[in-house]
$ cat structure.pdb   # PDB, C-alpha atoms, pLDDT in the B column
ATOM      1  CA  LEU A 937       0.000   0.000   0.000  1.00 80.00           C
ATOM      2  CA  ILE A 938       1.498   3.362  -1.032  1.00 86.00           C
ATOM      3  CA  ILE A 939       0.278   6.520   0.728  1.00 87.00           C
ATOM      4  CA  GLY A 940       1.108  10.109  -0.182  1.00 92.00           C
ATOM      5  CA  CYS A 941       1.533  12.164   2.987  1.00 94.00           C
ATOM      6  CA  SER A 942       3.694  14.668   4.821  1.00 94.00           C
ATOM      7  CA  LEU A 943       6.645  13.225   6.719  1.00 94.00           C
ATOM      8  CA  ASP A 944       6.802  16.349   8.884  1.00 93.00           C
ATOM      9  CA  GLY A 945       3.232  16.208  10.185  1.00 92.00           C
ATOM     10  CA  ASP A 946       1.691  16.520  13.607  1.00 92.00           C
ATOM     11  CA  THR A 947       0.906  12.831  14.260  1.00 93.00           C
ATOM     12  CA  SER A 948       3.620  10.939  16.132  1.00 93.00           C
ATOM     13  CA  LEU A 949       4.142   7.241  15.382  1.00 93.00           C
ATOM     14  CA  SER A 950       6.296   4.988  17.576  1.00 92.00           C
ATOM     15  CA  LEU A 951       7.733   2.004  15.719  1.00 92.00           C
ATOM     16  CA  SER A 952       8.846  -1.362  17.083  1.00 91.00           C
ATOM     17  CA  GLY A 953       9.232  -4.904  15.834  1.00 90.00           C
ATOM     18  CA  PRO A 954      11.770  -7.127  14.083  1.00 88.00           C
ATOM     19  CA  GLY A 955      14.877  -5.261  12.951  1.00 87.00           C
ATOM     20  CA  ILE A 956      14.152  -2.135  15.024  1.00 88.00           C
ATOM     21  CA  PRO A 957      16.554  -1.784  17.981  1.00 87.00           C
ATOM     22  CA  PRO A 958      14.442  -1.255  21.147  1.00 82.00           C
ATOM     23  CA  ALA A 959      16.999   1.081  22.754  1.00 77.00           C
ATOM     24  CA  GLN A 960      16.698   3.612  19.927  1.00 74.00           C
ATOM     25  CA  PRO A 961      14.030   6.326  19.823  1.00 74.00           C
ATOM     26  CA  ASN A 962      12.089   5.038  16.829  1.00 89.00           C
ATOM     27  CA  LYS A 963       9.531   7.727  16.158  1.00 91.00           C
ATOM     28  CA  ILE A 964       8.394   9.437  13.012  1.00 92.00           C
ATOM     29  CA  ARG A 965       5.944  12.264  12.416  1.00 94.00           C
ATOM     30  CA  VAL A 966       3.364  12.121   9.650  1.00 95.00           C
ATOM     31  CA  GLY A 967       0.517  14.267   8.403  1.00 95.00           C
ATOM     32  CA  GLY A 968      -2.352  13.816   5.995  1.00 94.00           C
ATOM     33  CA  ILE A 969      -3.270  10.301   7.147  1.00 93.00           C
ATOM     34  CA  PRO A 970      -6.469   9.905   9.193  1.00 90.00           C
ATOM     35  CA  ASN A 971      -5.912   8.144  12.536  1.00 85.00           C
ATOM     36  CA  ALA A 972      -8.624   5.651  11.516  1.00 88.00           C
ATOM     37  CA  PHE A 973      -6.220   4.337   8.849  1.00 91.00           C
ATOM     38  CA  TRP A 974      -3.939   2.941  11.556  1.00 89.00           C
ATOM     39  CA  ASP A 975      -6.873   1.067  13.146  1.00 88.00           C
ATOM     40  CA  LEU A 976      -7.697  -0.446   9.742  1.00 88.00           C
ATOM     41  CA  ARG A 977      -4.073  -1.495   9.319  1.00 90.00           C
ATOM     42  CA  ASP A 978      -4.040  -3.144  12.755  1.00 86.00           C
ATOM     43  CA  ASN A 979      -7.141  -5.176  11.887  1.00 84.00           C
ATOM     44  CA  ALA A 980      -5.758  -6.128   8.467  1.00 86.00           C
ATOM     45  CA  ASN A 981      -2.421  -7.193   9.974  1.00 83.00           C
ATOM     46  CA  ARG A 982      -3.747 -10.154  11.928  1.00 80.00           C
ATOM     47  CA  TYR A 983      -1.606 -13.202  11.171  1.00 74.00           C
ATOM     48  CA  PRO A 984      -1.041 -14.400   8.466  1.00 78.00           C
ATOM     49  CA  ARG A 985      -2.287 -11.347   6.577  1.00 84.00           C
ATOM     50  CA  GLY A 986      -0.889  -7.855   6.537  1.00 87.00           C
ATOM     51  CA  TRP A 987      -0.201  -4.601   4.755  1.00 88.00           C
ATOM     52  CA  ASP A 988       3.264  -3.406   3.852  1.00 91.00           C
ATOM     53  CA  VAL A 989       2.922   0.391   3.875  1.00 92.00           C
ATOM     54  CA  TYR A 990       5.087   2.939   2.066  1.00 94.00           C
ATOM     55  CA  LEU A 991       4.748   6.556   3.184  1.00 94.00           C
ATOM     56  CA  VAL A 992       5.819   8.957   0.449  1.00 94.00           C
ATOM     57  CA  ASP A 993       6.209  12.735   0.444  1.00 94.00           C
ATOM     58  CA  GLU A 994       7.854  15.006  -2.130  1.00 92.00           C
ATOM     59  CA  SER A 995      11.413  13.844  -1.449  1.00 94.00           C
ATOM     60  CA  ARG A 996      11.340  10.923   1.021  1.00 94.00           C
ATOM     61  CA  ILE A 997       9.937   7.439   1.411  1.00 95.00           C
ATOM     62  CA  ILE A 998       9.534   5.266   4.509  1.00 93.00           C
ATOM     63  CA  GLY A 999       8.739   1.554   4.217  1.00 93.00           C
ATOM     64  CA  LEU A1000       6.829  -0.065   7.086  1.00 92.00           C
ATOM     65  CA  PRO A1001       6.635  -3.853   6.744  1.00 92.00           C
ATOM     66  CA  ARG A1002       3.565  -5.664   8.049  1.00 90.00           C
ATOM     67  CA  THR A1003       5.639  -6.868  11.031  1.00 90.00           C
ATOM     68  CA  THR A1004       6.216  -3.300  12.266  1.00 91.00           C
ATOM     69  CA  ILE A1005       4.184  -2.467  15.363  1.00 90.00           C
ATOM     70  CA  ILE A1006       2.912   1.110  15.090  1.00 91.00           C
ATOM     71  CA  THR A1007       1.652   3.050  18.095  1.00 91.00           C
ATOM     72  CA  VAL A1008      -0.144   6.270  17.135  1.00 91.00           C
ATOM     73  CA  GLY A1009       0.643   9.174  19.441  1.00 86.00           C
ATOM     74  CA  GLY A1010       3.292   7.066  21.150  1.00 58.00           C
ATOM     75  CA  GLU A1011       5.427   9.470  23.084  1.00 53.00           C
TER      76      GLU A1011
END
$ encode --input "structure.pdb" --output "structure tokens"
Amino acid sequence: LIIGCSLDGDTSLSLSGPGIPPAQPNKIRVGGIPNAFWDLRDNANRYPRGWDVYLVDESRIIGLPRTTIITVGGE
């Protein structure tokens, strides 16, 4: 799933899961994506299904595999 958005937005996402070191601050900020999208992704990601998500703005791309655990507003 490819989503056009702002990667400097006002929604904070905390990331964890395989390949993400737990000791690192793993947060990104996005804009232009409704919070309800993340609930839909959580429901769709029940094993063995899932969505690989690519967030794209004018000059950057972030890939979030289906195994990435995303916490919205995670501070």
$ residues_around --input "structure.pdb" --residues "Thr947 of chain A" --least-positions-apart "5" --cutoff "8 Å" --atoms "all atoms listed in the file" --output "PyMOL selection string"
chain A and resi 965-967+1008-1009
$ residues_around --input "structure.pdb" --residues "segment 955-958 of chain A" --least-positions-apart "3" --cutoff "10 Å" --atoms "only C-alpha atoms" --output "list in words"
Leu951, Ser952, Pro961, Asn962, Thr1003, Thr1004 and Ile1005 of chain A
$ write_last_selection --input "structure.pdb" --atoms "C-alpha atoms" --output "short mmCIF file (atom, residue, chain, number, x, y, z; two decimals), keeping the file's coordinate frame"
data_model
loop_
_atom_site.label_atom_id
_atom_site.label_comp_id
_atom_site.auth_asym_id
_atom_site.auth_seq_id
_atom_site.Cartn_x
_atom_site.Cartn_y
_atom_site.Cartn_z
CA LEU A 951 7.73 2.00 15.72
CA SER A 952 8.85 -1.36 17.08
CA PRO A 961 14.03 6.33 19.82
CA ASN A 962 12.09 5.04 16.83
CA THR A 1003 5.64 -6.87 11.03
CA THR A 1004 6.22 -3.30 12.27
CA ILE A 1005 4.18 -2.47 15.36
#
$ residues_around --input "structure.pdb" --residues "segment 975-977 of chain A" --least-positions-apart "5" --cutoff "12 Å" --atoms "all atoms listed in the file" --output "list of chain:residue names"
A:Leu937, A:Ile969, A:Pro970, A:Arg982, A:Arg985, A:Gly986, A:Trp987, A:Asp988, A:Val989, A:Leu1000, A:Pro1001, A:Arg1002, A:Thr1003, A:Thr1004, A:Ile1005, A:Ile1006, A:Thr1007, A:Val1008
$ resolve_selection --input "structure.pdb" --expression "the PyMOL selection byres ((chain A and resi 997) around 12)" --output "PDB file with C-alpha atoms, in the coordinates of the input"
ATOM      1  CA  ILE A 938       1.498   3.362  -1.032  1.00 86.00           C
ATOM      2  CA  ILE A 939       0.278   6.520   0.728  1.00 87.00           C
ATOM      3  CA  GLY A 940       1.108  10.109  -0.182  1.00 92.00           C
ATOM      4  CA  CYS A 941       1.533  12.164   2.987  1.00 94.00           C
ATOM      5  CA  SER A 942       3.694  14.668   4.821  1.00 94.00           C
ATOM      6  CA  LEU A 943       6.645  13.225   6.719  1.00 94.00           C
ATOM      7  CA  ILE A 964       8.394   9.437  13.012  1.00 92.00           C
ATOM      8  CA  VAL A 966       3.364  12.121   9.650  1.00 95.00           C
ATOM      9  CA  VAL A 989       2.922   0.391   3.875  1.00 92.00           C
ATOM     10  CA  TYR A 990       5.087   2.939   2.066  1.00 94.00           C
ATOM     11  CA  LEU A 991       4.748   6.556   3.184  1.00 94.00           C
ATOM     12  CA  VAL A 992       5.819   8.957   0.449  1.00 94.00           C
ATOM     13  CA  ASP A 993       6.209  12.735   0.444  1.00 94.00           C
ATOM     14  CA  GLU A 994       7.854  15.006  -2.130  1.00 92.00           C
ATOM     15  CA  SER A 995      11.413  13.844  -1.449  1.00 94.00           C
ATOM     16  CA  ARG A 996      11.340  10.923   1.021  1.00 94.00           C
ATOM     17  CA  ILE A 998       9.534   5.266   4.509  1.00 93.00           C
ATOM     18  CA  GLY A 999       8.739   1.554   4.217  1.00 93.00           C
ATOM     19  CA  LEU A1000       6.829  -0.065   7.086  1.00 92.00           C
TER      20      LEU A1000
END
$ atom_distance --input "structure.pdb" --atom1 "atom CA of Gly945 of chain A" --atom2 "atom CA of Phe973 of chain A"
15.2 Å
$ atom_distance --input "structure.pdb" --atom1 "atom CA of Lys963 of chain A" --atom2 "atom CA of Leu949 of chain A"
5.5 Å
$ build_atoms --input "structure.pdb" --residues "segment 955-980 of chain A" --atoms "N, CA and C atoms" --output "PDB file, keeping the file's coordinate frame"
ATOM      1  N   GLY A 955      13.926  -6.119  13.651  1.00 87.00           N
ATOM      2  CA  GLY A 955      14.877  -5.261  12.951  1.00 87.00           C
ATOM      3  C   GLY A 955      14.961  -3.840  13.474  1.00 87.00           C
ATOM      4  N   ILE A 956      14.126  -3.484  14.452  1.00 88.00           N
ATOM      5  CA  ILE A 956      14.152  -2.135  15.024  1.00 88.00           C
ATOM      6  C   ILE A 956      14.735  -2.239  16.427  1.00 88.00           C
ATOM      7  N   PRO A 957      15.938  -1.685  16.659  1.00 87.00           N
ATOM      8  CA  PRO A 957      16.554  -1.784  17.981  1.00 87.00           C
ATOM      9  C   PRO A 957      15.682  -1.108  19.047  1.00 87.00           C
ATOM     10  N   PRO A 958      15.335  -1.823  20.137  1.00 82.00           N
ATOM     11  CA  PRO A 958      14.442  -1.255  21.147  1.00 82.00           C
ATOM     12  C   PRO A 958      15.048  -0.087  21.923  1.00 82.00           C
ATOM     13  N   ALA A 959      16.371   0.007  21.981  1.00 77.00           N
ATOM     14  CA  ALA A 959      16.999   1.081  22.754  1.00 77.00           C
ATOM     15  C   ALA A 959      16.996   2.415  22.013  1.00 77.00           C
ATOM     16  N   GLN A 960      16.692   2.393  20.738  1.00 74.00           N
ATOM     17  CA  GLN A 960      16.698   3.612  19.927  1.00 74.00           C
ATOM     18  C   GLN A 960      15.349   4.316  20.022  1.00 74.00           C
ATOM     19  N   PRO A 961      15.326   5.647  19.972  1.00 74.00           N
ATOM     20  CA  PRO A 961      14.030   6.326  19.823  1.00 74.00           C
ATOM     21  C   PRO A 961      13.564   6.162  18.375  1.00 74.00           C
ATOM     22  N   ASN A 962      12.554   5.364  18.175  1.00 89.00           N
ATOM     23  CA  ASN A 962      12.089   5.038  16.829  1.00 89.00           C
ATOM     24  C   ASN A 962      10.738   5.679  16.590  1.00 89.00           C
ATOM     25  N   LYS A 963      10.764   6.974  16.373  1.00 91.00           N
ATOM     26  CA  LYS A 963       9.531   7.727  16.158  1.00 91.00           C
ATOM     27  C   LYS A 963       9.629   8.498  14.857  1.00 91.00           C
ATOM     28  N   ILE A 964       8.490   8.590  14.194  1.00 92.00           N
ATOM     29  CA  ILE A 964       8.394   9.437  13.012  1.00 92.00           C
ATOM     30  C   ILE A 964       7.154  10.305  13.169  1.00 92.00           C
ATOM     31  N   ARG A 965       7.107  11.375  12.407  1.00 94.00           N
ATOM     32  CA  ARG A 965       5.944  12.264  12.416  1.00 94.00           C
ATOM     33  C   ARG A 965       5.363  12.281  11.013  1.00 94.00           C
ATOM     34  N   VAL A 966       4.039  12.131  10.946  1.00 95.00           N
ATOM     35  CA  VAL A 966       3.364  12.121   9.650  1.00 95.00           C
ATOM     36  C   VAL A 966       2.161  13.047   9.691  1.00 95.00           C
ATOM     37  N   GLY A 967       1.722  13.453   8.529  1.00 95.00           N
ATOM     38  CA  GLY A 967       0.517  14.267   8.403  1.00 95.00           C
ATOM     39  C   GLY A 967      -0.242  13.850   7.157  1.00 95.00           C
ATOM     40  N   GLY A 968      -1.533  14.119   7.156  1.00 94.00           N
ATOM     41  CA  GLY A 968      -2.352  13.816   5.995  1.00 94.00           C
ATOM     42  C   GLY A 968      -2.900  12.405   5.965  1.00 94.00           C
ATOM     43  N   ILE A 969      -2.726  11.658   7.065  1.00 93.00           N
ATOM     44  CA  ILE A 969      -3.270  10.301   7.147  1.00 93.00           C
ATOM     45  C   ILE A 969      -4.244  10.279   8.321  1.00 93.00           C
ATOM     46  N   PRO A 970      -5.513   9.955   8.081  1.00 90.00           N
ATOM     47  CA  PRO A 970      -6.469   9.905   9.193  1.00 90.00           C
ATOM     48  C   PRO A 970      -6.060   8.835  10.215  1.00 90.00           C
ATOM     49  N   ASN A 971      -6.251   9.122  11.501  1.00 85.00           N
ATOM     50  CA  ASN A 971      -5.912   8.144  12.536  1.00 85.00           C
ATOM     51  C   ASN A 971      -6.659   6.828  12.340  1.00 85.00           C
ATOM     52  N   ALA A 972      -7.849   6.875  11.752  1.00 88.00           N
ATOM     53  CA  ALA A 972      -8.624   5.651  11.516  1.00 88.00           C
ATOM     54  C   ALA A 972      -7.874   4.686  10.591  1.00 88.00           C
ATOM     55  N   PHE A 973      -7.006   5.208   9.730  1.00 91.00           N
ATOM     56  CA  PHE A 973      -6.220   4.337   8.849  1.00 91.00           C
ATOM     57  C   PHE A 973      -5.404   3.341   9.658  1.00 91.00           C
ATOM     58  N   TRP A 974      -4.799   3.807  10.757  1.00 89.00           N
ATOM     59  CA  TRP A 974      -3.939   2.941  11.556  1.00 89.00           C
ATOM     60  C   TRP A 974      -4.747   1.829  12.221  1.00 89.00           C
ATOM     61  N   ASP A 975      -5.989   2.113  12.612  1.00 88.00           N
ATOM     62  CA  ASP A 975      -6.873   1.067  13.146  1.00 88.00           C
ATOM     63  C   ASP A 975      -7.175   0.024  12.070  1.00 88.00           C
ATOM     64  N   LEU A 976      -7.449   0.482  10.851  1.00 88.00           N
ATOM     65  CA  LEU A 976      -7.697  -0.446   9.742  1.00 88.00           C
ATOM     66  C   LEU A 976      -6.484  -1.331   9.490  1.00 88.00           C
ATOM     67  N   ARG A 977      -5.301  -0.730   9.538  1.00 90.00           N
ATOM     68  CA  ARG A 977      -4.073  -1.495   9.319  1.00 90.00           C
ATOM     69  C   ARG A 977      -3.906  -2.544  10.403  1.00 90.00           C
ATOM     70  N   ASP A 978      -4.153  -2.172  11.663  1.00 86.00           N
ATOM     71  CA  ASP A 978      -4.040  -3.144  12.755  1.00 86.00           C
ATOM     72  C   ASP A 978      -4.955  -4.337  12.527  1.00 86.00           C
ATOM     73  N   ASN A 979      -6.196  -4.084  12.135  1.00 84.00           N
ATOM     74  CA  ASN A 979      -7.141  -5.176  11.887  1.00 84.00           C
ATOM     75  C   ASN A 979      -6.710  -6.033  10.702  1.00 84.00           C
ATOM     76  N   ALA A 980      -6.183  -5.399   9.666  1.00 86.00           N
ATOM     77  CA  ALA A 980      -5.758  -6.128   8.467  1.00 86.00           C
ATOM     78  C   ALA A 980      -4.483  -6.928   8.709  1.00 86.00           C
TER      79      ALA A 980
END
